[in-house]
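Coordinates from target-v6.tsv are shown below (TSV, C-alpha atoms).
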```
chain	number	residue	atom	x	y	z
X	30	MET	CA	-78.91	2.79	6.90
X	31	ALA	CA	-78.96	1.59	10.49
X	32	ARG	CA	-82.47	1.13	11.79
X	33	PRO	CA	-83.58	3.59	14.50
X	34	SER	CA	-83.25	2.12	17.98
X	35	PHE	CA	-84.74	3.37	21.25
X	36	ASP	CA	-85.07	2.27	24.85
X	37	VAL	CA	-88.84	2.90	24.84
X	38	VAL	CA	-91.13	3.37	21.85
X	39	VAL	CA	-94.54	4.95	22.48
X	40	ALA	CA	-96.99	4.20	19.67
X	41	GLY	CA	-99.54	6.99	19.53
X	42	GLY	CA	-99.18	10.77	19.53
X	43	GLY	CA	-102.36	11.76	21.31
X	44	ILE	CA	-102.34	13.46	24.68
X	45	LEU	CA	-102.00	10.15	26.53
X	46	GLY	CA	-99.06	8.85	24.52
X	47	LEU	CA	-97.30	12.20	24.85
X	48	ALA	CA	-98.02	12.40	28.60
X	49	THR	CA	-96.56	8.92	28.98
X	50	ALA	CA	-93.44	9.86	27.00
X	51	HIS	CA	-93.07	13.01	29.12
X	52	ALA	CA	-93.26	10.95	32.31
X	53	LEU	CA	-90.71	8.48	30.92
X	54	VAL	CA	-88.11	11.09	29.97
X	55	GLN	CA	-88.44	12.54	33.46
X	56	ARG	CA	-88.18	9.17	35.19
X	57	LEU	CA	-85.50	7.70	32.90
X	58	PRO	CA	-82.93	10.44	32.36
X	59	GLY	CA	-80.54	9.50	29.60
X	60	ALA	CA	-82.84	6.87	28.12
X	61	SER	CA	-83.95	7.25	24.52
X	62	VAL	CA	-87.74	7.61	24.19
X	63	ALA	CA	-89.55	7.93	20.87
X	64	VAL	CA	-93.19	8.75	20.11
X	65	LEU	CA	-94.44	7.45	16.76
X	66	GLU	CA	-97.70	8.95	15.48
X	67	LYS	CA	-99.34	7.62	12.33
X	68	GLU	CA	-101.04	10.89	11.35
X	69	PRO	CA	-99.25	13.91	9.86
X	70	GLU	CA	-100.28	15.93	12.93
X	71	LEU	CA	-100.28	15.16	16.64
X	72	ALA	CA	-103.54	14.94	18.58
X	73	SER	CA	-105.63	14.32	15.46
X	74	HIS	CA	-108.23	11.99	16.91
X	75	GLN	CA	-109.77	11.86	20.40
X	76	THR	CA	-107.48	14.53	21.85
X	77	GLY	CA	-108.40	17.13	19.26
X	78	ARG	CA	-112.08	16.21	18.96
X	79	ASN	CA	-113.46	16.25	22.50
X	80	SER	CA	-115.43	18.78	24.53
X	81	GLY	CA	-112.34	20.35	26.11
X	82	VAL	CA	-113.77	19.81	29.60
X	83	ILE	CA	-111.52	19.12	32.60
X	84	HIS	CA	-113.72	16.60	34.38
X	85	SER	CA	-113.99	16.66	38.16
X	86	GLY	CA	-114.37	12.90	38.76
X	87	ILE	CA	-117.89	12.81	40.19
X	88	TYR	CA	-119.30	10.08	37.94
X	89	TYR	CA	-116.82	7.24	38.38
X	90	THR	CA	-117.00	4.18	40.61
X	91	PRO	CA	-115.21	4.93	43.92
X	92	GLY	CA	-111.89	3.14	44.08
X	93	SER	CA	-111.61	2.74	40.29
X	94	LEU	CA	-108.66	4.00	38.27
X	95	LYS	CA	-111.00	6.49	36.60
X	96	ALA	CA	-112.10	7.95	39.93
X	97	ARG	CA	-108.60	8.26	41.35
X	98	LEU	CA	-106.84	9.43	38.22
X	99	ALA	CA	-109.55	11.88	37.14
X	100	VAL	CA	-109.35	13.74	40.44
X	101	GLU	CA	-105.55	13.66	40.53
X	102	GLY	CA	-105.29	14.34	36.81
X	103	ALA	CA	-107.55	17.38	36.94
X	104	GLU	CA	-105.27	19.03	39.50
X	105	ARG	CA	-102.19	18.14	37.50
X	106	MET	CA	-103.79	19.42	34.28
X	107	VAL	CA	-104.65	22.79	35.81
X	108	ALA	CA	-101.13	23.10	37.23
X	109	PHE	CA	-99.58	22.16	33.87
X	110	CYS	CA	-101.70	24.66	31.96
X	111	THR	CA	-100.85	27.37	34.47
X	112	GLU	CA	-97.12	26.63	34.30
X	113	HIS	CA	-97.04	26.60	30.50
X	114	ASP	CA	-99.48	29.43	29.87
X	115	ILE	CA	-102.05	27.24	28.11
X	116	ALA	CA	-105.63	28.45	27.91
X	117	HIS	CA	-107.75	26.96	30.70
X	118	ASP	CA	-110.07	27.87	33.52
X	119	ARG	CA	-112.12	26.39	36.33
X	120	CYS	CA	-115.58	27.58	35.41
X	121	GLY	CA	-117.47	24.89	37.33
X	122	LYS	CA	-120.57	23.12	36.05
X	123	LEU	CA	-124.15	22.37	36.99
X	124	VAL	CA	-125.63	18.87	36.92
X	125	ALA	CA	-129.38	19.31	36.76
X	126	ALA	CA	-132.25	17.08	37.82
X	127	ILE	CA	-135.00	18.13	35.44
X	128	ASP	CA	-137.90	16.84	37.53
X	129	GLY	CA	-138.69	15.11	40.80
X	130	ASP	CA	-138.12	11.66	39.31
X	131	GLU	CA	-134.42	12.50	38.94
X	132	LEU	CA	-133.84	13.82	42.46
X	133	ALA	CA	-132.86	10.45	43.90
X	134	ARG	CA	-130.25	10.02	41.14
X	135	LEU	CA	-128.92	13.50	41.87
X	136	ARG	CA	-128.50	12.62	45.56
X	137	ASP	CA	-126.75	9.39	44.62
X	138	LEU	CA	-124.39	11.39	42.43
X	139	ALA	CA	-123.66	13.76	45.32
X	140	ASP	CA	-122.82	10.74	47.49
X	141	ARG	CA	-120.49	9.40	44.81
X	142	ALA	CA	-118.80	12.78	44.51
X	143	GLY	CA	-118.18	12.73	48.26
X	144	ALA	CA	-116.72	9.23	48.08
X	145	ASN	CA	-114.35	10.40	45.34
X	146	GLY	CA	-113.29	13.48	47.26
X	147	VAL	CA	-114.92	15.98	44.90
X	148	PRO	CA	-116.62	18.96	46.60
X	149	VAL	CA	-120.14	19.69	45.34
X	150	GLU	CA	-122.91	22.03	46.45
X	151	GLU	CA	-126.57	21.10	46.23
X	152	LEU	CA	-128.64	23.95	44.83
X	153	SER	CA	-132.33	24.73	44.74
X	154	PRO	CA	-133.88	25.76	41.42
X	155	GLU	CA	-133.46	29.38	42.48
X	156	GLY	CA	-129.82	28.82	43.41
X	157	ALA	CA	-129.13	27.10	40.09
X	158	ARG	CA	-130.70	29.99	38.18
X	159	GLU	CA	-128.32	32.42	39.85
X	160	LEU	CA	-125.58	30.69	37.83
X	161	GLU	CA	-127.63	29.72	34.76
X	162	PRO	CA	-130.69	31.98	34.59
X	163	HIS	CA	-132.33	30.01	31.77
X	164	LEU	CA	-131.92	26.54	33.26
X	165	ARG	CA	-135.06	24.64	34.21
X	166	CYS	CA	-134.56	22.09	36.97
X	167	ALA	CA	-135.94	20.63	40.19
X	168	ALA	CA	-132.48	20.82	41.80
X	169	ALA	CA	-128.84	20.85	40.74
X	170	LEU	CA	-125.32	20.09	41.87
X	171	HIS	CA	-122.69	22.77	41.47
X	172	VAL	CA	-119.27	21.21	40.81
X	173	PRO	CA	-116.73	24.04	41.11
X	174	SER	CA	-113.65	21.97	40.23
X	175	THR	CA	-114.82	21.26	36.66
X	176	GLY	CA	-112.92	23.31	34.12
X	177	ARG	CA	-111.92	23.72	30.50
X	178	ALA	CA	-108.60	23.38	28.71
X	179	ASP	CA	-107.09	23.42	25.24
X	180	PHE	CA	-106.05	19.76	25.20
X	181	ARG	CA	-104.54	20.01	21.73
X	182	ALA	CA	-102.21	22.75	22.99
X	183	VAL	CA	-101.37	20.59	26.01
X	184	ALA	CA	-100.41	17.73	23.69
X	185	HIS	CA	-98.15	19.93	21.58
X	186	ARG	CA	-96.45	21.35	24.68
X	187	LEU	CA	-95.85	17.84	25.99
X	188	ALA	CA	-94.26	16.97	22.64
X	189	ASP	CA	-91.96	19.98	22.93
X	190	LEU	CA	-90.92	18.94	26.44
X	191	VAL	CA	-90.17	15.39	25.30
X	192	VAL	CA	-87.92	16.69	22.52
X	193	GLU	CA	-86.24	19.21	24.84
X	194	ALA	CA	-85.40	16.32	27.19
X	195	GLY	CA	-83.72	14.42	24.36
X	196	GLY	CA	-86.66	12.32	23.19
X	197	SER	CA	-87.98	11.98	19.67
X	198	VAL	CA	-91.47	12.73	18.33
X	199	ARG	CA	-92.13	11.58	14.78
X	200	THR	CA	-95.36	12.02	12.84
X	201	GLY	CA	-96.47	10.10	9.76
X	202	VAL	CA	-95.03	6.86	11.18
X	203	ARG	CA	-97.61	4.09	11.60
X	204	VAL	CA	-96.63	1.10	13.73
X	205	THR	CA	-98.30	-1.82	11.95
X	206	GLY	CA	-96.99	-4.67	14.08
X	207	GLY	CA	-93.94	-6.03	15.80
X	208	SER	CA	-91.82	-9.08	16.49
X	209	PRO	CA	-90.03	-9.77	19.77
X	210	THR	CA	-86.24	-9.94	19.64
X	211	ALA	CA	-83.64	-11.05	22.13
X	212	ASP	CA	-83.53	-7.63	23.75
X	213	GLY	CA	-86.84	-6.02	22.85
X	214	TRP	CA	-88.89	-5.37	19.74
X	215	GLU	CA	-88.55	-4.96	16.02
X	216	LEU	CA	-91.52	-2.79	15.13
X	217	ALA	CA	-92.80	-2.66	11.57
X	218	THR	CA	-93.57	0.74	10.03
X	219	LYS	CA	-94.10	1.88	6.44
X	220	ASP	CA	-90.67	3.56	6.62
X	221	GLY	CA	-88.90	0.41	7.72
X	222	PRO	CA	-88.31	-1.32	11.04
X	223	VAL	CA	-87.73	0.48	14.34
X	224	SER	CA	-86.07	-1.23	17.28
X	225	GLY	CA	-87.09	-0.68	20.88
X	226	ARG	CA	-86.34	-2.35	24.19
X	227	PHE	CA	-89.86	-1.68	25.43
X	228	LEU	CA	-93.17	-0.82	23.76
X	229	VAL	CA	-95.95	1.35	25.15
X	230	ALA	CA	-99.03	1.35	22.93
X	231	CYS	CA	-101.41	4.29	23.32
X	232	ALA	CA	-103.13	3.68	20.01
X	233	GLY	CA	-106.67	4.76	20.85
X	234	LEU	CA	-109.04	3.63	18.12
X	235	GLN	CA	-106.46	1.08	16.93
X	236	SER	CA	-105.40	-0.16	20.38
X	237	ASP	CA	-106.87	-3.67	20.16
X	238	ARG	CA	-105.43	-4.24	16.70
X	239	LEU	CA	-101.94	-3.17	17.72
X	240	ALA	CA	-102.11	-5.39	20.79
X	241	HIS	CA	-103.00	-8.39	18.62
X	242	ARG	CA	-100.28	-7.56	16.08
X	243	THR	CA	-97.65	-7.55	18.82
X	244	GLY	CA	-98.77	-10.80	20.40
X	245	SER	CA	-100.96	-9.56	23.26
X	246	ASP	CA	-104.58	-10.37	23.98
X	247	PRO	CA	-106.47	-7.13	24.63
X	248	GLY	CA	-109.41	-9.05	26.06
X	249	ALA	CA	-111.84	-6.75	24.25
X	250	ARG	CA	-112.68	-5.22	20.89
X	251	ILE	CA	-112.71	-1.49	20.20
X	252	VAL	CA	-116.23	-0.53	19.14
X	253	PRO	CA	-116.34	3.07	17.89
X	254	PHE	CA	-119.12	5.44	18.92
X	255	ARG	CA	-119.50	8.69	17.03
X	256	GLY	CA	-120.25	11.63	19.29
X	257	GLU	CA	-122.18	14.24	17.33
X	258	TYR	CA	-122.49	17.90	18.34
X	259	LEU	CA	-124.63	20.83	17.37
X	260	ASP	CA	-123.43	24.41	17.68
X	261	LEU	CA	-125.74	27.04	19.16
X	262	VAL	CA	-125.84	30.35	17.33
X	263	GLY	CA	-127.85	33.55	17.54
X	264	HIS	CA	-129.91	34.34	20.63
X	265	SER	CA	-129.76	30.74	21.91
X	266	ALA	CA	-126.01	30.94	22.42
X	267	ASP	CA	-126.56	33.77	24.89
X	268	LEU	CA	-128.74	31.56	27.10
X	269	VAL	CA	-125.84	29.37	28.30
X	270	ASN	CA	-123.19	30.83	30.60
X	271	GLY	CA	-121.00	27.77	31.20
X	272	LEU	CA	-121.44	24.01	31.46
X	273	ILE	CA	-124.87	22.42	32.01
X	274	TYR	CA	-125.24	18.63	32.26
X	275	PRO	CA	-128.25	16.38	32.84
X	276	VAL	CA	-128.13	14.00	35.77
X	277	PRO	CA	-126.98	10.69	34.20
X	278	ASP	CA	-129.17	7.62	34.12
X	279	PRO	CA	-127.08	4.78	35.63
X	280	ARG	CA	-128.88	2.25	33.41
X	281	PHE	CA	-127.21	3.71	30.33
X	282	PRO	CA	-123.48	3.98	29.53
X	283	PHE	CA	-123.26	7.62	28.36
X	284	LEU	CA	-123.97	10.97	30.00
X	285	GLY	CA	-126.56	12.34	27.58
X	286	VAL	CA	-126.77	15.62	25.69
X	287	HIS	CA	-125.32	18.55	27.61
X	288	LEU	CA	-124.56	22.21	26.92
X	289	THR	CA	-120.99	23.49	26.92
X	290	ARG	CA	-119.57	26.95	26.39
X	291	GLY	CA	-115.99	26.49	25.25
X	292	LEU	CA	-112.96	28.62	25.99
X	293	ASP	CA	-113.49	30.30	22.62
X	294	GLY	CA	-116.98	31.38	23.65
X	295	HIS	CA	-118.80	29.05	21.26
X	296	VAL	CA	-121.63	26.97	22.72
X	297	HIS	CA	-122.35	23.44	21.62
X	298	ALA	CA	-124.90	20.79	22.51
X	299	GLY	CA	-124.04	17.11	22.67
X	300	PRO	CA	-122.74	14.65	22.22
X	301	ASN	CA	-125.16	11.92	21.39
X	302	ALA	CA	-123.61	8.48	20.92
X	303	VAL	CA	-124.26	6.37	17.82
X	304	LEU	CA	-122.43	3.26	16.75
X	305	SER	CA	-119.97	4.38	14.11
X	306	LEU	CA	-119.57	2.45	10.85
X	307	ALA	CA	-115.87	3.38	10.71
X	308	ARG	CA	-113.30	3.72	13.47
X	309	GLU	CA	-112.08	7.01	12.12
X	310	GLY	CA	-115.25	7.93	10.26
X	311	TYR	CA	-115.98	11.46	11.39
X	312	GLY	CA	-118.36	12.15	8.52
X	313	ARG	CA	-121.97	11.10	8.97
X	314	CYS	CA	-121.85	8.87	5.90
X	315	ALA	CA	-118.39	7.36	6.46
X	316	VAL	CA	-118.28	3.57	6.22
X	317	SER	CA	-115.32	1.20	6.51
X	318	PRO	CA	-116.31	-2.34	5.46
X	319	ARG	CA	-113.44	-3.76	7.48
X	320	ASP	CA	-114.31	-1.83	10.63
X	321	LEU	CA	-117.99	-2.63	10.29
X	322	PHE	CA	-117.31	-6.34	9.79
X	323	GLU	CA	-115.07	-6.50	12.85
X	324	THR	CA	-117.69	-4.72	14.97
X	325	LEU	CA	-120.52	-6.98	13.84
X	326	ALA	CA	-118.45	-10.16	14.09
X	327	TRP	CA	-117.48	-9.51	17.72
X	328	PRO	CA	-119.73	-11.62	20.00
X	329	GLY	CA	-120.22	-8.77	22.44
X	330	THR	CA	-121.80	-6.49	19.83
X	331	ALA	CA	-125.05	-8.45	19.53
X	332	ARG	CA	-125.29	-8.68	23.31
X	333	LEU	CA	-124.70	-4.93	23.63
X	334	VAL	CA	-127.41	-4.16	21.06
X	335	GLY	CA	-129.80	-6.53	22.80
X	336	ARG	CA	-129.21	-4.77	26.09
X	337	TYR	CA	-129.37	-1.16	24.91
X	338	TRP	CA	-131.46	-1.20	21.73
X	339	ARG	CA	-134.09	1.18	23.11
X	340	PRO	CA	-131.72	4.00	24.14
X	341	GLY	CA	-129.63	3.23	21.06
X	342	LEU	CA	-132.65	3.81	18.87
X	343	GLY	CA	-133.21	7.13	20.60
X	344	GLU	CA	-129.61	8.15	19.93
X	345	LEU	CA	-130.01	7.20	16.27
X	346	ARG	CA	-133.19	9.25	15.97
X	347	ARG	CA	-131.38	12.27	17.39
X	348	SER	CA	-128.58	11.69	14.90
X	349	LEU	CA	-131.04	11.77	12.01
X	350	SER	CA	-133.22	14.62	13.30
X	351	ARG	CA	-131.86	18.01	14.34
X	352	ARG	CA	-135.27	18.71	15.87
X	353	ARG	CA	-135.02	15.70	18.21
X	354	PHE	CA	-131.46	16.66	19.12
X	355	ALA	CA	-132.64	20.16	19.98
X	356	GLN	CA	-135.45	18.70	22.10
X	357	ALA	CA	-132.90	16.90	24.28
X	358	ALA	CA	-131.00	20.16	24.86
X	359	ARG	CA	-134.23	22.07	25.52
X	360	ARG	CA	-135.01	19.79	28.47
X	361	LEU	CA	-132.27	21.75	30.21
X	362	VAL	CA	-132.88	25.19	28.70
X	363	PRO	CA	-136.43	25.37	27.29
X	364	ASP	CA	-135.94	28.80	25.70
X	365	LEU	CA	-133.43	27.47	23.15
X	366	ASP	CA	-134.67	28.05	19.61
X	367	PRO	CA	-134.45	24.93	17.39
X	368	ALA	CA	-133.62	27.23	14.48
X	369	ASP	CA	-130.38	28.22	16.25
X	370	PHE	CA	-128.82	24.72	16.10
X	371	ARG	CA	-126.15	23.98	13.47
X	372	ARG	CA	-124.25	20.78	12.69
X	373	ALA	CA	-120.75	20.74	14.18
X	374	PRO	CA	-117.70	18.43	13.84
X	375	SER	CA	-118.00	14.98	15.40
X	376	GLY	CA	-115.64	12.90	17.48
X	377	ILE	CA	-115.16	9.14	17.79
X	378	ARG	CA	-114.98	7.48	21.20
X	379	ALA	CA	-112.72	4.42	21.30
X	380	GLN	CA	-114.76	2.20	23.59
X	381	ALA	CA	-113.63	-1.30	24.52
X	382	LEU	CA	-116.33	-3.98	24.54
X	383	ASP	CA	-115.79	-7.44	26.02
X	384	ARG	CA	-117.25	-10.71	24.74
X	385	SER	CA	-120.15	-10.60	27.18
X	386	GLY	CA	-121.37	-7.31	25.71
X	387	ALA	CA	-120.16	-5.19	28.62
X	388	LEU	CA	-118.61	-1.81	27.85
X	389	LEU	CA	-115.38	-1.62	29.84
X	390	ASP	CA	-115.96	1.22	32.25
X	391	ASP	CA	-112.51	1.68	33.75
X	392	PHE	CA	-109.17	2.44	32.14
X	393	HIS	CA	-107.78	-0.90	30.99
X	394	LEU	CA	-104.04	-1.59	30.73
X	395	VAL	CA	-102.71	-4.90	29.44
X	396	ASP	CA	-99.17	-6.14	30.01
X	397	GLY	CA	-97.46	-7.86	27.10
X	398	GLU	CA	-93.97	-9.17	26.44
X	399	ARG	CA	-91.84	-6.09	27.20
X	400	ALA	CA	-94.94	-4.03	26.47
X	401	VAL	CA	-97.84	-2.16	28.03
X	402	HIS	CA	-101.01	-1.65	26.00
X	403	VAL	CA	-103.58	1.00	26.86
X	404	VAL	CA	-106.65	-0.82	25.57
X	405	ASN	CA	-109.41	1.32	27.05
X	406	ALA	CA	-108.98	5.03	27.75
X	407	PRO	CA	-112.23	6.88	27.01
X	408	SER	CA	-113.29	10.07	28.78
X	409	PRO	CA	-111.93	11.33	31.15
X	410	ALA	CA	-108.62	10.23	29.62
X	411	ALA	CA	-107.66	13.73	28.46
X	412	THR	CA	-108.34	15.14	31.94
X	413	ALA	CA	-106.44	12.30	33.58
X	414	SER	CA	-103.67	12.00	30.98
X	415	LEU	CA	-100.81	13.35	33.09
X	416	ALA	CA	-101.74	11.03	35.95
X	417	ILE	CA	-102.25	8.03	33.65
X	418	GLY	CA	-98.87	8.73	32.06
X	419	GLU	CA	-97.24	8.50	35.47
X	420	VAL	CA	-98.96	5.16	36.16
X	421	ILE	CA	-97.78	3.75	32.83
X	422	ALA	CA	-94.24	5.06	33.35
X	423	GLU	CA	-94.11	3.43	36.80
X	424	ARG	CA	-95.29	0.16	35.27
X	425	VAL	CA	-92.56	0.37	32.61
X	426	LEU	CA	-89.92	1.04	35.27
X	427	ASP	CA	-91.10	-1.93	37.31
X	428	ARG	CA	-90.98	-4.19	34.27
X	429	ILE	CA	-87.51	-3.01	33.25
X	430	ALA	CA	-86.26	-3.50	36.82
X	431	GLY	CA	-87.87	-6.94	37.01
X	432	ARG	CA	-90.14	-5.99	39.91
```

Can you turn what I pasted into structure tokens?
Amino acid sequence: MARPSFDVVVAGGGILGLATAHALVQRLPGASVAVLEKEPELASHQTGRNSGVIHSGIYYTPGSLKARLAVEGAERMVAFCTEHDIAHDRCGKLVAAIDGDELARLRDLADRAGANGVPVEELSPEGARELEPHLRCAAALHVPSTGRADFRAVAHRLADLVVEAGGSVRTGVRVTGGSPTADGWELATKDGPVSGRFLVACAGLQSDRLAHRTGSDPGARIVPFRGEYLDLVGHSADLVNGLIYPVPDPRFPFLGVHLTRGLDGHVHAGPNAVLSLAREGYGRCAVSPRDLFETLAWPGTARLVGRYWRPGLGELRRSLSRRRFAQAARRLVPDLDPADFRRAPSGIRAQALDRSGALLDDFHLVDGERAVHVVNAPSPAATASLAIGEVIAERVLDRIAGR
């Protein structure tokens, strides 16, 4: 049998890989584009295991790719969901300063929102309680552009559009490596080789490995963090109307435990962030010796632990104790009953870590030989996926045209 051959192969069938393929079939009419996803189902990892929040873009460094593409991507995501009748809304969110010590950080966040072009409204405690009657705070920011979407449904619709435009979407096909050829790539899969003129790797938790296996230096190692959630049931679930976030501490890399009512009406608290012992280990006891060895052997890991061991220990304690997890949520809504918290499914954040121990904050794209690798695309990648896909497609076009 002749081996399959395509103009562009996209490795990875999450929302970002599918958004990139969609942008490519629009920008390269007549070209053959294939998406190869290793799992039996699309959107099995980060896309299908996140909070479902359309982020506004208030947190990110002004001028960064994250800041620009989150704001642009949120608008594009809302428009896409509206056009294709996918469940979504713009419910807004509150970012709450719990006490006076956090007010300066809240003002800094408002300034950053302004620099990123995101409208916010500063609220008194009384104003915040008009939206969330059970919230306790010294002040809050109302961010009306924050929303919610069914990102898994978005991914499946993007796949349909790629196929309708003449592209191919194949599941159960793992790209394990590749060798350059005179006119592109010979990519190795368990079903035999696949040829492509250009490779786009959107491999998420496996992004650094695939970059190495195709001859590119990702410049970082993927270190997985498991984000754990608790569901709120009973009376406590009635105490949260929408989305309530703490004001982030800029000394630490993650946002902290927040409260989110999803589109399905269920309320969950989280996530915390604990170093995962397996890249795809969603269970609390999952361990991959290979993944763990690679994490511990990376020089940046020890430096990261040395820098953040205190907050990391707090995250671990919350992971082990439902009571401590509930305490973090009750800082926002004190009337929550610890008995109303239940364990919920976890997600894994694919976070790139450099040798110095710095977590890469921005989206990180690496050019290879006839290839583009998306090495770092943590939150808000789902929000920004349609905009990131356009950026990647433009980069592919420039490379093909020799610009």

Checklist entry - If you count only C-alpha atoms, which residues fall within 8 Å of segment 292-305 of chain X, apart from same-chain ones fewer than 2 positions away, as an MDAnalysis selection string? => result chainID X and resid 116:117 177:179 252:262 266 269 283 285:290 307:308 310 341 344:345 347:348 358 377

Checklist entry - Can you tell me how far atom CA of Ala232 of chain X sits from atom CA of Leu45 of chain X, in Å to one decimal? => result 9.3 Å

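Excluding Arg226 of chain X itself and any same-chain residue fewer than 6 positions from it, the protein and nucleic acid residues within 9 Å of it, counting only C-alpha atoms, are Ser34, Phe35, Asp36, Val37, Val38, Thr210, Asp212, Gly213, Trp214, Glu215 and Arg399 of chain X.
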
Item to check | Distance criterion (all atoms listed in the file): nearest to Ala125 of chain X out of X:Asp220, X:Asp278, X:Asp246, X:Glu66 | outcome: X:Asp278

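We find atom CA of Gly59 of chain X and atom CA of Glu423 of chain X to be spaced 16.5 Å apart.
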
Axis-aligned box for all listed atoms of segment 31-46 of chain X, 3 Å per side, centre and edges in Å to one decimal, as AutoDock Vina command-line options:
```
--center_x -90.7 --center_y 7.3 --center_z 18.5 --size_x 29.4 --size_y 18.3 --size_z 22.0
```

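Note that atom CA of Gly244 of chain X and atom CA of Glu398 of chain X are 7.9 Å apart.
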
Item to check | Selection as an NGL selection string: residues within 7 Å of (-106.9, 12.5, 25.8), counting only C-alpha atoms | outcome: :X and (43-45 or 75-76 or 410-412 or 414)

Keeping only C-alpha atoms, write those residues as a PDB file, in the coordinates of the input.
```
ATOM      1  CA  GLY X  43    -102.360  11.760  21.310  1.00  0.00           C
ATOM      2  CA  ILE X  44    -102.340  13.460  24.680  1.00  0.00           C
ATOM      3  CA  LEU X  45    -102.000  10.150  26.530  1.00  0.00           C
ATOM      4  CA  GLN X  75    -109.770  11.860  20.400  1.00  0.00           C
ATOM      5  CA  THR X  76    -107.480  14.530  21.850  1.00  0.00           C
ATOM      6  CA  ALA X 410    -108.620  10.230  29.620  1.00  0.00           C
ATOM      7  CA  ALA X 411    -107.660  13.730  28.460  1.00  0.00           C
ATOM      8  CA  THR X 412    -108.340  15.140  31.940  1.00  0.00           C
ATOM      9  CA  SER X 414    -103.670  12.000  30.980  1.00  0.00           C
TER      10      SER X 414
END
```

Next on the checklist: Taking (-111.6, 8.2, 23.8) as a centre in this file's frame and 6 Å as the limit, can you find every polymer residue with an atom that close, using all atoms listed in the file, and give them as a PyMOL selection string?
Outcome noted: chain X and resi 75+378-379+406-408

Item to check | Spatial neighbours of Ala144 of chain X, max dist 12 Å, all atoms listed in the file, sep filter under 6 positions, as number ranges by chain | outcome: X: 86-93, 96-97, 100, 137-138

Next on the checklist: Report as a ChimeraX atom specification all protein, DNA and RNA residues lying within 12 Å of Phe281 of chain X, evaluated on all atoms listed in the file, omitting residues in the same chain fewer than 4 positions from it.
Outcome noted: /X:276-277,285,302,333,336-341,343-344,387-388,390

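Of the residues under consideration (X:Leu65, X:Cys120, X:Ala108, X:Val82), X:Leu65 shows the shortest atom-to-atom contact distance to Val223 of chain X when counting all atoms listed in the file.
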
Next on the checklist: Just checking: using only C-alpha atoms, which residue out of X:Ala167, X:Leu415, X:Leu190, X:Ala326 ends up closest to Arg105 of chain X?
Outcome noted: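 Of X:Ala167, X:Leu415, X:Leu190, X:Ala326, the one nearest Arg105 of chain X is X:Leu415, counting only C-alpha atoms.
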
Next on the checklist: Using only C-alpha atoms for the distances, tell me which of X:Val420, X:Ile115, X:Leu152, X:Val124 is nearest to Phe392 of chain X.
Outcome noted: X:Val420

Item to check | Nearest residue to Ile273 of chain X from the set X:Thr218, X:Thr175, X:Ser73, X:Ser385 (distances using only C-alpha atoms) | outcome: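 Looking at the shortest contact to Ile273 of chain X, the residue is X:Thr175.
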
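Minimum distance to Val229 of chain X across X:Thr243, X:Gly176, X:Ala217, X:Tyr274 (counting all atoms listed in the file) occurs at X:Thr243.
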
Item to check | Contacts of segment 195-207 of chain X within 9 Å, all atoms listed in the file, excl. fewer than 4 positions in-chain, as a ChimeraX atom specification | outcome: /X:40-42,47,50-51,54,58-71,188-191,214-220,222-223,238-244

Keeping N, CA and C atoms, write segment 139-148 of chain X of the structure just shown out as a PDB file, in the first residue's frame.
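After the write, selection_24.pdb holds the following:
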```pdb
ATOM      1  N   ALA X 139      -6.049  45.462  38.222  1.00  0.00           N
ATOM      2  CA  ALA X 139      -6.903  46.364  37.442  1.00  0.00           C
ATOM      3  C   ALA X 139      -6.065  47.148  36.437  1.00  0.00           C
ATOM      4  N   ASP X 140      -4.875  47.580  36.847  1.00  0.00           N
ATOM      5  CA  ASP X 140      -3.987  48.297  35.927  1.00  0.00           C
ATOM      6  C   ASP X 140      -3.562  47.393  34.768  1.00  0.00           C
ATOM      7  N   ARG X 141      -3.252  46.137  35.089  1.00  0.00           N
ATOM      8  CA  ARG X 141      -2.853  45.205  34.031  1.00  0.00           C
ATOM      9  C   ARG X 141      -4.010  44.944  33.076  1.00  0.00           C
ATOM     10  N   ALA X 142      -5.209  44.814  33.609  1.00  0.00           N
ATOM     11  CA  ALA X 142      -6.380  44.627  32.752  1.00  0.00           C
ATOM     12  C   ALA X 142      -6.520  45.803  31.785  1.00  0.00           C
ATOM     13  N   GLY X 143      -6.330  47.018  32.300  1.00  0.00           N
ATOM     14  CA  GLY X 143      -6.407  48.191  31.431  1.00  0.00           C
ATOM     15  C   GLY X 143      -5.355  48.165  30.342  1.00  0.00           C
ATOM     16  N   ALA X 144      -4.126  47.764  30.700  1.00  0.00           N
ATOM     17  CA  ALA X 144      -3.054  47.697  29.711  1.00  0.00           C
ATOM     18  C   ALA X 144      -3.346  46.664  28.640  1.00  0.00           C
ATOM     19  N   ASN X 145      -4.087  45.617  28.994  1.00  0.00           N
ATOM     20  CA  ASN X 145      -4.425  44.567  28.021  1.00  0.00           C
ATOM     21  C   ASN X 145      -5.733  44.836  27.294  1.00  0.00           C
ATOM     22  N   GLY X 146      -6.373  45.946  27.594  1.00  0.00           N
ATOM     23  CA  GLY X 146      -7.607  46.293  26.905  1.00  0.00           C
ATOM     24  C   GLY X 146      -8.820  45.529  27.373  1.00  0.00           C
ATOM     25  N   VAL X 147      -8.815  45.094  28.633  1.00  0.00           N
ATOM     26  CA  VAL X 147      -9.927  44.322  29.182  1.00  0.00           C
ATOM     27  C   VAL X 147     -10.709  45.210  30.159  1.00  0.00           C
ATOM     28  N   PRO X 148     -11.960  45.521  29.876  1.00  0.00           N
ATOM     29  CA  PRO X 148     -12.739  46.357  30.797  1.00  0.00           C
ATOM     30  C   PRO X 148     -13.006  45.633  32.117  1.00  0.00           C
TER      31      PRO X 148
END
```
